[in-house]
>>> print(open('coords12.cif').read())   # mmCIF, C-alpha atoms
data_coords
#
loop_
_atom_site.label_atom_id
_atom_site.label_comp_id
_atom_site.auth_asym_id
_atom_site.auth_seq_id
_atom_site.Cartn_x
_atom_site.Cartn_y
_atom_site.Cartn_z
CA MET A 1 -7.92 -17.41 17.85
CA ASN A 2 -10.11 -15.85 15.17
CA SER A 3 -9.23 -13.98 11.99
CA THR A 4 -10.40 -10.61 13.37
CA PHE A 5 -7.87 -10.74 16.21
CA LEU A 6 -5.05 -11.77 13.83
CA LEU A 7 -5.94 -9.02 11.39
CA ARG A 8 -5.92 -6.40 14.14
CA PHE A 9 -2.53 -7.71 15.32
CA ILE A 10 -1.15 -7.16 11.80
CA HIS A 11 -2.34 -3.56 11.91
CA TYR A 12 -0.61 -3.09 15.25
CA LEU A 13 2.66 -4.47 13.84
CA PHE A 14 2.54 -2.15 10.84
CA ILE A 15 1.72 0.87 13.01
CA THR A 16 4.91 0.29 15.01
CA THR A 17 6.93 0.74 11.79
CA PHE A 18 5.95 4.44 11.74
CA PHE A 19 8.13 4.95 14.82
CA LEU A 20 10.68 2.09 14.80
CA SER A 21 12.12 2.12 11.25
CA GLY A 22 15.62 2.76 12.61
CA ILE A 23 15.79 -0.38 14.74
CA SER A 24 17.82 -3.26 13.30
CA PHE A 25 19.17 -6.62 14.44
CA GLN A 26 22.25 -8.65 13.63
CA LEU A 27 21.36 -12.06 12.23
CA ARG A 28 24.31 -14.29 11.28
CA GLY A 29 26.44 -11.30 10.40
CA THR A 30 23.67 -9.60 8.41
CA THR A 31 21.86 -6.44 9.49
CA VAL A 32 18.11 -6.98 9.44
CA ARG A 33 15.78 -3.98 9.81
CA TYR A 34 12.83 -4.25 12.17
CA ASP A 35 10.27 -3.26 9.52
CA HIS A 36 11.67 -5.93 7.18
CA MET A 37 11.70 -8.61 9.85
CA ILE A 38 8.02 -8.25 10.68
CA LEU A 39 7.11 -8.80 7.02
CA VAL A 40 7.85 -12.50 7.53
CA PHE A 41 5.49 -12.71 10.51
CA VAL A 42 2.82 -10.69 8.72
CA PHE A 43 2.92 -12.95 5.68
CA ILE A 44 2.55 -16.07 7.84
CA ILE A 45 -0.36 -14.50 9.75
CA LEU A 46 -2.09 -13.51 6.51
CA VAL A 47 -1.83 -17.08 5.22
CA VAL A 48 -3.40 -18.30 8.47
CA ILE A 49 -6.20 -15.71 8.13
CA ILE A 50 -6.98 -16.87 4.59
CA VAL A 51 -7.12 -20.49 5.76
CA ILE A 52 -9.40 -19.57 8.69
CA LYS A 53 -11.76 -17.42 6.65
CA LYS A 54 -12.05 -19.96 3.80
CA LYS A 55 -14.61 -17.80 2.03
CA LEU A 56 -13.31 -14.36 1.19
CA ILE A 57 -15.31 -11.28 0.31
CA ILE A 58 -13.31 -9.37 -2.26
CA LYS A 59 -13.35 -5.60 -1.68
CA ASN A 60 -11.32 -2.65 -2.94
CA HIS A 61 -11.15 -4.16 -6.44
CA LYS A 62 -9.93 -1.03 -8.23
CA ILE A 63 -7.33 -0.25 -5.57
CA ILE A 64 -5.95 -3.79 -5.77
CA VAL A 65 -5.84 -3.74 -9.58
CA SER A 66 -4.03 -0.38 -9.60
CA LEU A 67 -1.48 -1.70 -7.10
CA ILE A 68 -0.90 -4.77 -9.27
CA LEU A 69 -0.30 -2.39 -12.17
CA CYS A 70 2.34 -0.60 -10.07
CA ILE A 71 4.09 -3.94 -9.48
CA LEU A 72 4.09 -4.81 -13.18
CA VAL A 73 5.56 -1.43 -14.15
CA ILE A 74 8.28 -1.72 -11.50
CA LEU A 75 9.19 -5.21 -12.69
CA PHE A 76 9.21 -4.42 -16.41
CA SER A 77 11.11 -1.15 -15.95
CA SER A 78 13.81 -2.81 -13.84
CA THR A 79 14.05 -5.78 -16.24
CA ILE A 80 14.94 -3.60 -19.24
CA SER A 81 17.23 -1.31 -17.21
CA VAL A 82 20.96 -1.13 -18.00
CA THR A 83 21.46 -1.97 -14.33
CA SER A 84 18.82 -4.72 -14.41
CA ASP A 85 20.44 -7.04 -11.85
CA TYR A 86 20.77 -4.29 -9.26
CA SER A 87 17.39 -2.73 -10.06
CA LEU A 88 15.53 -6.04 -9.89
CA ASN A 89 17.20 -6.81 -6.58
CA LYS A 90 16.13 -3.42 -5.19
CA SER A 91 12.61 -3.93 -6.59
CA ILE A 92 12.01 -7.06 -4.52
CA LEU A 93 11.28 -5.08 -1.35
CA TYR A 94 8.72 -2.84 -3.08
CA ILE A 95 6.99 -5.86 -4.57
CA ILE A 96 6.84 -7.61 -1.20
CA TYR A 97 5.33 -4.47 0.33
CA ALA A 98 2.73 -4.22 -2.42
CA VAL A 99 1.81 -7.92 -2.34
CA ILE A 100 1.26 -7.87 1.43
CA ILE A 101 -0.90 -4.75 1.16
CA ILE A 102 -2.91 -6.39 -1.62
CA ILE A 103 -3.54 -9.43 0.58
CA LEU A 104 -4.41 -7.17 3.51
CA LEU A 105 -6.94 -5.32 1.36
CA PHE A 106 -8.21 -8.64 0.01
CA VAL A 107 -8.98 -10.16 3.41
CA GLN A 108 -10.29 -6.94 4.93
CA ASP A 109 -13.88 -7.46 6.00
CA LYS A 110 -14.33 -5.30 9.08
CA LYS A 111 -13.38 -1.78 10.14
CA GLN A 112 -10.64 -2.05 12.73
CA GLU A 113 -10.37 0.17 15.82
CA ILE A 114 -6.69 0.95 15.45
CA VAL A 115 -6.44 4.75 15.79
CA ASN A 116 -6.11 4.59 19.58
CA PHE A 117 -3.18 2.22 19.27
CA PHE A 118 -1.54 4.49 16.67
CA ILE A 119 -1.87 7.49 19.00
CA GLY A 120 -0.94 5.63 22.20
CA PHE A 121 2.10 3.87 20.78
CA GLY A 122 3.31 7.00 18.99
CA VAL A 123 3.07 9.13 22.14
CA LEU A 124 4.84 6.46 24.20
CA ILE A 125 7.77 6.25 21.76
CA ASN A 126 8.07 10.04 21.67
CA ILE A 127 8.13 10.25 25.46
CA ILE A 128 11.00 7.77 25.50
CA SER A 129 12.77 9.80 22.79
CA LEU A 130 12.38 13.02 24.78
CA ILE A 131 13.81 11.37 27.91
CA SER A 132 16.77 10.08 25.91
CA PHE A 133 17.65 13.56 24.58
CA PRO A 134 19.14 15.04 27.80
CA LEU A 135 20.71 11.67 28.57
CA TYR A 136 22.62 11.96 25.29
CA PHE A 137 24.55 14.93 26.71
CA LEU A 138 25.33 12.91 29.83
CA GLY A 139 27.04 10.25 27.75
CA PHE A 140 24.13 7.82 27.29
CA ASP A 141 23.57 7.43 23.55
CA PHE A 142 20.44 5.40 22.68
CA GLY A 143 20.71 6.21 18.99
CA THR A 144 17.85 8.71 19.12
CA VAL A 145 19.94 11.86 18.60
CA ARG A 146 22.18 12.81 15.68
CA TYR A 147 24.59 15.73 15.46
CA ASP A 148 24.98 17.02 11.93
CA PHE A 149 25.33 20.36 10.11
CA GLY A 150 25.89 22.14 13.40
CA SER A 151 22.59 20.98 14.93
CA TYR A 152 21.23 18.20 17.13
CA TRP A 153 18.47 16.24 15.41
CA LEU A 154 15.98 14.13 17.34
CA GLU A 155 15.58 11.02 15.20
CA GLY A 156 13.76 8.95 17.81
CA PHE A 157 13.84 5.28 16.85
CA ASN A 158 13.43 6.04 13.15
CA ALA A 159 16.13 5.71 10.52
CA VAL A 160 16.59 9.47 10.04
CA ALA A 161 15.15 12.68 11.48
CA ASN A 162 13.08 13.36 8.35
CA ILE A 163 11.16 10.10 8.77
CA ASN A 164 10.67 10.87 12.45
CA GLY A 165 9.31 14.30 11.57
CA ILE A 166 6.91 12.97 8.93
CA SER A 167 5.56 10.23 11.22
CA ASN A 168 5.06 12.71 14.06
CA ALA A 169 3.34 15.22 11.78
CA ILE A 170 0.74 12.58 10.88
CA LEU A 171 0.46 11.60 14.56
CA PHE A 172 0.01 15.26 15.58
CA LEU A 173 -2.85 15.73 13.10
CA TYR A 174 -4.56 12.53 14.26
CA ILE A 175 -4.40 13.73 17.88
CA LEU A 176 -5.52 17.26 17.01
CA ASN A 177 -8.50 15.90 15.07
CA LYS A 178 -9.46 13.71 18.02
CA TYR A 179 -9.14 16.63 20.45
CA LEU A 180 -11.31 18.90 18.32
CA ASN A 181 -13.99 16.18 18.24
CA THR A 182 -13.84 15.05 21.89
CA LYS A 183 -12.33 18.04 23.78
CA LYS A 184 -10.54 15.61 26.12
CA SER A 185 -7.96 17.67 28.02
CA PHE A 186 -5.28 14.94 28.24
CA LEU A 187 -4.93 15.14 24.47
CA ILE A 188 -3.46 18.65 24.91
CA ILE A 189 -0.56 17.05 26.80
CA TYR A 190 -0.11 14.62 23.88
CA LEU A 191 -0.05 17.56 21.46
CA LEU A 192 2.62 19.34 23.52
CA ILE A 193 4.79 16.19 23.59
CA ILE A 194 4.54 15.64 19.84
CA SER A 195 5.02 19.36 19.11
CA THR A 196 8.26 19.32 21.11
CA CYS A 197 9.52 16.25 19.25
CA LEU A 198 8.57 17.82 15.91
CA ILE A 199 10.58 20.95 16.68
CA MET A 200 13.55 18.89 17.87
CA SER A 201 13.47 16.71 14.75
CA TYR A 202 14.49 19.85 12.81
CA THR A 203 12.56 18.75 9.71
CA ARG A 204 11.11 21.70 7.86
CA ILE A 205 8.74 19.73 5.65
CA SER A 206 7.01 18.18 8.68
CA TRP A 207 6.45 21.66 10.13
CA LEU A 208 4.91 22.71 6.82
CA GLY A 209 2.67 19.63 6.91
CA VAL A 210 1.48 20.52 10.42
CA PHE A 211 0.92 24.10 9.25
CA PHE A 212 -1.47 23.11 6.43
CA GLY A 213 -3.09 20.26 8.36
CA THR A 214 -3.88 22.43 11.39
CA ILE A 215 -5.53 25.12 9.27
CA PHE A 216 -7.64 22.46 7.53
CA LEU A 217 -8.78 20.88 10.81
CA LEU A 218 -9.68 24.24 12.33
CA PHE A 219 -12.09 25.05 9.51
CA LYS A 220 -13.29 21.45 9.08
CA ASN A 221 -14.39 21.19 12.70
CA LYS A 222 -15.56 24.82 12.88
CA SER A 223 -13.74 25.08 16.19
CA PHE A 224 -13.63 28.83 16.66
CA THR A 225 -13.57 29.01 20.46
CA SER A 226 -10.98 31.44 21.82
CA GLY A 227 -8.80 28.69 23.28
CA VAL A 228 -8.72 26.62 20.10
CA VAL A 229 -8.16 29.64 17.87
CA THR A 230 -5.32 30.92 20.09
CA SER A 231 -3.67 27.49 20.22
CA THR A 232 -4.05 27.00 16.48
CA ILE A 233 -2.61 30.43 15.66
CA LEU A 234 0.32 29.65 17.96
CA ILE A 235 0.95 26.25 16.34
CA VAL A 236 0.63 27.63 12.83
CA SER A 237 2.80 30.68 13.56
CA VAL A 238 5.57 28.68 15.25
CA SER A 239 5.63 25.98 12.57
CA PHE A 240 5.70 28.54 9.74
CA PHE A 241 8.35 30.67 11.50
CA LEU A 242 10.53 27.60 12.09
CA PHE A 243 10.15 26.58 8.44
CA ILE A 244 11.30 29.97 7.16
CA LEU A 245 14.10 30.35 9.73
CA SER A 246 15.43 26.83 9.25
CA SER A 247 15.34 27.17 5.45
CA TYR A 248 17.54 30.27 5.74
CA VAL A 249 19.95 28.69 8.22
CA THR A 250 20.29 25.44 6.27
CA VAL A 251 21.30 27.21 3.08
CA PHE A 252 23.51 29.97 4.44
CA ASP A 253 24.94 28.73 7.74
CA LYS A 254 28.47 27.29 7.87
CA ILE A 255 29.18 27.75 4.14
CA ASP A 256 32.86 28.11 4.95
CA GLU A 257 32.95 24.77 6.75
CA LEU A 258 30.94 22.67 4.32
CA ASN A 259 31.22 21.82 0.65
CA VAL A 260 28.54 24.02 -0.93
CA ASP A 261 27.48 21.12 -3.19
CA TYR A 262 26.44 19.13 -0.14
CA LEU A 263 24.17 21.77 1.37
CA THR A 264 20.68 20.28 1.52
CA SER A 265 18.87 22.49 -1.00
CA ASN A 266 21.74 22.75 -3.48
CA TRP A 267 22.53 19.06 -3.42
CA ARG A 268 18.92 17.95 -3.95
CA TYR A 269 18.59 20.29 -6.92
CA TYR A 270 21.91 19.05 -8.32
CA ILE A 271 20.80 15.40 -8.08
CA ILE A 272 17.53 16.18 -9.88
CA LEU A 273 19.46 17.86 -12.72
CA ILE A 274 21.72 14.80 -13.01
CA ALA A 275 18.69 12.51 -13.05
CA PHE A 276 16.94 14.36 -15.88
CA SER A 277 20.14 14.58 -17.93
CA ASN A 278 20.53 10.81 -17.60
CA MET A 279 16.93 9.87 -18.50
CA GLN A 280 16.97 6.95 -20.94
CA ASN A 281 13.30 5.99 -21.22
CA TRP A 282 10.63 8.52 -20.30
CA TRP A 283 7.84 5.95 -20.49
CA LEU A 284 9.36 3.21 -18.34
CA GLY A 285 12.17 5.03 -16.56
CA ASN A 286 15.69 3.80 -15.86
CA GLY A 287 14.96 1.08 -13.31
CA THR A 288 14.77 1.01 -9.51
CA GLU A 289 17.58 3.08 -7.92
CA ASN A 290 19.45 3.20 -11.23
CA LEU A 291 21.00 6.59 -10.43
CA ILE A 292 22.75 5.18 -7.37
CA ALA A 293 23.99 2.15 -9.32
CA ILE A 294 25.55 4.13 -12.19
CA HIS A 295 27.38 6.37 -9.71
CA GLY A 296 29.33 3.63 -8.00
CA PHE A 297 26.50 2.70 -5.58
CA ASP A 298 26.98 6.03 -3.79
CA ASN A 299 23.89 6.68 -1.64
CA TRP A 300 24.42 10.42 -1.98
CA TYR A 301 22.87 10.03 -5.45
CA TYR A 302 19.45 9.48 -3.96
CA ILE A 303 16.58 11.49 -5.44
CA ALA A 304 14.96 13.22 -2.46
CA ASN A 305 11.67 13.92 -4.21
CA LEU A 306 8.95 11.28 -4.53
CA PRO A 307 7.34 12.27 -7.88
CA ILE A 308 10.72 12.78 -9.58
CA SER A 309 12.09 9.58 -8.02
CA ILE A 310 9.16 7.56 -9.40
CA LEU A 311 9.46 9.29 -12.77
CA TYR A 312 13.19 8.56 -13.03
CA ASP A 313 12.97 4.97 -11.81
CA TRP A 314 9.70 3.84 -13.44
CA GLY A 315 8.85 6.53 -15.97
CA ILE A 316 5.56 8.14 -16.94
CA LEU A 317 3.80 4.77 -16.66
CA GLY A 318 5.08 4.44 -13.10
CA VAL A 319 3.86 7.92 -12.13
CA SER A 320 0.49 7.22 -13.80
CA SER A 321 0.00 3.85 -12.04
CA PHE A 322 0.77 5.32 -8.59
CA LEU A 323 -1.45 8.31 -9.36
CA VAL A 324 -4.34 6.00 -10.24
CA PHE A 325 -3.70 4.03 -7.02
CA PHE A 326 -3.91 7.15 -4.85
CA ILE A 327 -6.95 8.50 -6.73
CA TYR A 328 -8.86 5.28 -6.01
CA ILE A 329 -7.79 5.51 -2.37
CA THR A 330 -9.06 9.10 -2.01
CA LYS A 331 -12.44 8.14 -3.49
CA LYS A 332 -13.04 5.90 -0.48
CA LEU A 333 -11.81 8.30 2.22
CA ASP A 334 -13.61 10.99 4.21
CA ASN A 335 -12.26 14.56 4.26
CA PHE A 336 -9.85 13.93 7.12
CA GLY A 337 -8.46 10.83 5.42
CA ILE A 338 -7.93 12.71 2.16
CA MET A 339 -6.19 15.54 4.04
CA ILE A 340 -3.83 13.13 5.81
CA LEU A 341 -2.94 11.37 2.55
CA LEU A 342 -2.30 14.66 0.73
CA ILE A 343 -0.21 16.06 3.60
CA TYR A 344 1.80 12.84 3.69
CA LEU A 345 2.46 13.00 -0.06
CA LEU A 346 3.36 16.69 0.27
CA MET A 347 6.01 15.84 2.87
CA ASN A 348 7.37 13.18 0.50
CA ILE A 349 8.32 15.92 -1.94
CA THR A 350 11.57 16.42 0.01
CA SER A 351 11.68 13.25 2.10
CA PRO A 352 10.51 10.17 0.15
CA THR A 353 9.40 7.24 2.32
CA ILE A 354 8.48 4.86 -0.50
CA GLN A 355 11.26 2.50 0.62
CA LEU A 356 9.53 2.11 4.00
CA MET A 357 6.54 0.01 5.02
CA GLN A 358 4.70 3.08 6.34
CA PHE A 359 4.34 4.51 2.82
CA TRP A 360 2.49 1.40 1.64
CA TYR A 361 0.53 0.82 4.83
CA LEU A 362 -0.79 4.37 5.38
CA PRO A 363 -3.59 3.99 2.77
CA VAL A 364 -4.71 0.81 4.57
CA LEU A 365 -4.68 2.62 7.92
CA LEU A 366 -6.79 5.41 6.43
CA LEU A 367 -9.22 2.98 4.79
CA ASN A 368 -9.75 1.31 8.16
CA SER A 369 -10.01 4.46 10.26
CA HIS A 370 -11.43 7.10 7.92
CA GLN A 371 -13.29 5.40 5.13
CA LYS A 372 -16.16 7.45 3.74
CA SER A 373 -19.50 6.50 5.26
CA LYS A 374 -22.00 4.96 2.87
CA ILE A 375 -25.24 6.88 2.53
#
>>> encode(input="coords12.cif", output="structure tokens")
Amino acid sequence: MNSTFLLRFIHYLFITTFFLSGISFQLRGTTVRYDHMILVFVFIILVVIIVIKKKLIIKNHKIIVSLILCILVILFSSTISVTSDYSLNKSILYIIYAVIIIILLFVQDKKQEIVNFFIGFGVLINIISLISFPLYFLGFDFGTVRYDFGSYWLEGFNAVANINGISNAILFLYILNKYLNTKKSFLIIYLLIISTCLIMSYTRISWLGVFFGTIFLLFKNKSFTSGVVTSTILIVSVSFFLFILSSYVTVFDKIDELNVDYLTSNWRYYIILIAFSNMQNWWLGNGTENLIAIHGFDNWYYIANLPISILYDWGILGVSSFLVFFIYITKKLDNFGIMILLIYLLMNITSPTIQLMQFWYLPVLLLNSHQKSKI
């Protein structure tokens, strides 16, 4: 068993977390999430790879240094926080994520062919999710559907519908890019499957991501044939129409039945106002998930905006360190890779995924699949 095979297996494990973040297991009375459980296996495999390789070629120096800087800011910010015990405990997961990604970048020595697995596995999981949807109404609940706010949300095997929508938006753009470059007809079927799941996830920000990504790919590939243009206009129109319609319905529907403070848009804005009014240290922030801790560990006090969440938790230095990290990533990516990263970060404006492995692994996936060619 060589290091190349083991490294590819690690990529496959991480790719599954894009679509299986909602799966958990009971271990001695404790709930263990799937994406957390595989971290143990990944760490062991990485140690084996390092032993096998013996001589390592260090690459991605600036990216690794910037990620180390992120770790140091997170640690120092949480250490000086008024809720230091809680914040440090919550910081452990982020640090583990970052350390594993650093090692993965450190041992990387060959471009991996992992896009096909990402597409194939993602489509397979979405087919299963679609089949489970009608079964839900027949009394067979596989945990893939949630009823809330008067609507049925297709969550798939992810933790919440928003994560499912974000993952599928990235998957959709990967498939669309491949179709525009290969013109393989079976990819149209894949696009229809993912489009259906995106609509049923009822996540507006993922529709907006598909809207911008599709326009970019159309002009990038100069695919102006009648069929492609018609399909693209349809996708863009439907996604934009759904975004506008759903935004209206979410804010104004069922006001009499729900507490107005808990409506999606109002509540997110309210939490942001609370966060800024409670800011203790603009440079280093208040510590990881401090806002939840000071409000009786109520998860409703979760900042649903990535930049503001980082600013509140880890301050201006935290925002700056992550910004430097992503800038160094983009310098190594081709145009498609940059677009995917920007779309992903855009979708994190209302649905942060920083607490998930996919947030940390996506740059590695892009560096392996869409690194800029050297001239």
>>> residues_near_point(input="coords12.cif", point="(3.5, -7.4, 1.9)", cutoff="9 Å", atoms="all atoms listed in the file", output="ChimeraX atom specification")
/A:39-40,42-43,93-104,357,360
>>> write_last_selection(input="coords12.cif", atoms="C-alpha atoms", output="JSON list (two decimals), in the coordinates of the input")
[["chain", "number", "residue", "atom", "x", "y", "z"],
["A", 39, "LEU", "CA", 7.11, -8.80, 7.02],
["A", 40, "VAL", "CA", 7.85, -12.50, 7.53],
["A", 42, "VAL", "CA", 2.82, -10.69, 8.72],
["A", 43, "PHE", "CA", 2.92, -12.95, 5.68],
["A", 93, "LEU", "CA", 11.28, -5.08, -1.35],
["A", 94, "TYR", "CA", 8.72, -2.84, -3.08],
["A", 95, "ILE", "CA", 6.99, -5.86, -4.57],
["A", 96, "ILE", "CA", 6.84, -7.61, -1.20],
["A", 97, "TYR", "CA", 5.33, -4.47, 0.33],
["A", 98, "ALA", "CA", 2.73, -4.22, -2.42],
["A", 99, "VAL", "CA", 1.81, -7.92, -2.34],
["A", 100, "ILE", "CA", 1.26, -7.87, 1.43],
["A", 101, "ILE", "CA", -0.90, -4.75, 1.16],
["A", 102, "ILE", "CA", -2.91, -6.39, -1.62],
["A", 103, "ILE", "CA", -3.54, -9.43, 0.58],
["A", 104, "LEU", "CA", -4.41, -7.17, 3.51],
["A", 357, "MET", "CA", 6.54, 0.01, 5.02],
["A", 360, "TRP", "CA", 2.49, 1.40, 1.64]]
>>> residues_near_point(input="coords12.cif", point="(17.1, 17.4, 26.4)", cutoff="12 Å", atoms="only C-alpha atoms", output="list in words")
Ile127, Ile128, Ser129, Leu130, Ile131, Ser132, Phe133, Pro134, Leu135, Tyr136, Phe137, Leu138, Phe140, Thr144, Val145, Tyr152, Trp153, Leu154, Thr196, Cys197 and Met200 of chain A
>>> atom_distance(input="coords12.cif", atom1="atom CA of Lys331 of chain A", atom2="atom CA of Phe106 of chain A")
17.7 Å
>>> atom_distance(input="coords12.cif", atom1="atom CA of Leu346 of chain A", atom2="atom CA of Glu113 of chain A")
26.5 Å
>>> closest_residue(input="coords12.cif", among="A:Ile52, A:Leu365, A:Leu191, A:Leu284", to="Ser321 of chain A", atoms="all atoms listed in the file")
A:Leu284
>>> residues_around(input="coords12.cif", residues="segment 325-329 of chain A", least_positions_apart="4", cutoff="9 Å", atoms="all atoms listed in the file", output="compact mmCIF listing (two decimals) with C-alpha atoms, in the coordinates of the input")
# COMPACT_ATOMS: atom_id res chain seq x y z
CA ASN A 60 -11.32 -2.65 -2.94
CA LYS A 62 -9.93 -1.03 -8.23
CA ILE A 63 -7.33 -0.25 -5.57
CA ILE A 64 -5.95 -3.79 -5.77
CA VAL A 65 -5.84 -3.74 -9.58
CA SER A 66 -4.03 -0.38 -9.60
CA LEU A 67 -1.48 -1.70 -7.10
CA LEU A 69 -0.30 -2.39 -12.17
CA CYS A 70 2.34 -0.60 -10.07
CA SER A 320 0.49 7.22 -13.80
CA SER A 321 0.00 3.85 -12.04
CA LEU A 333 -11.81 8.30 2.22
CA ILE A 338 -7.93 12.71 2.16
CA LEU A 341 -2.94 11.37 2.55
CA PRO A 363 -3.59 3.99 2.77
CA VAL A 364 -4.71 0.81 4.57
CA LEU A 366 -6.79 5.41 6.43
CA LEU A 367 -9.22 2.98 4.79
>>> closest_residue(input="coords12.cif", among="A:Ser24, A:Ser351, A:Ser3, A:Ser77", to="Gly287 of chain A", atoms="all atoms listed in the file")
A:Ser77
>>> closest_residue(input="coords12.cif", among="A:Asn126, A:Ser277, A:Gln26, A:Thr17", to="Ile38 of chain A", atoms="all atoms listed in the file")
A:Thr17
>>> closest_residue(input="coords12.cif", among="A:Thr16, A:Ser369, A:Thr353, A:Ser151", to="Lys332 of chain A", atoms="only C-alpha atoms")
A:Ser369
>>> resolve_selection(input="coords12.cif", expression="the PyMOL selection byres ((chain A and resi 304) around 9)", output="PyMOL selection string")
chain A and resi 268+271-272+302-303+305-306+308-309+348-352
>>> closest_residue(input="coords12.cif", among="A:Pro307, A:Gly285, A:Gly337, A:Gly143", to="Leu323 of chain A", atoms="all atoms listed in the file")
A:Pro307
>>> closest_residue(input="coords12.cif", among="A:Leu218, A:Ile340, A:Ala169, A:Ile50", to="Ile199 of chain A", atoms="only C-alpha atoms")
A:Ala169
>>> resolve_selection(input="coords12.cif", expression="the PyMOL selection byres ((chain A and resi 312) around 7)", output="list of chain:residue names")
A:Ala275, A:Met279, A:Gly285, A:Asn286, A:Ile308, A:Ser309, A:Ile310, A:Leu311, A:Asp313, A:Trp314, A:Gly315
>>> resolve_selection(input="coords12.cif", expression="the PyMOL selection byres ((chain A and resi 78) around 6)", output="ChimeraX atom specification")
/A:75-77,79-81,84,87-88,287-288
>>> residues_around(input="coords12.cif", residues="Met347 of chain A", least_positions_apart="5", cutoff="7 Å", atoms="only C-alpha atoms", output="PyMOL selection string")
chain A and resi 166+205-206+209
>>> axis_aligned_box(input="coords12.cif", around="segment 94-99 of chain A", padding_each_side="3 Å", output="JSON")
{"center_x": 5.3, "center_y": -5.4, "center_z": -2.1, "size_x": 12.9, "size_y": 11.1, "size_z": 10.9}
>>> atom_distance(input="coords12.cif", atom1="atom CA of Gly22 of chain A", atom2="atom CA of Phe157 of chain A")
5.2 Å
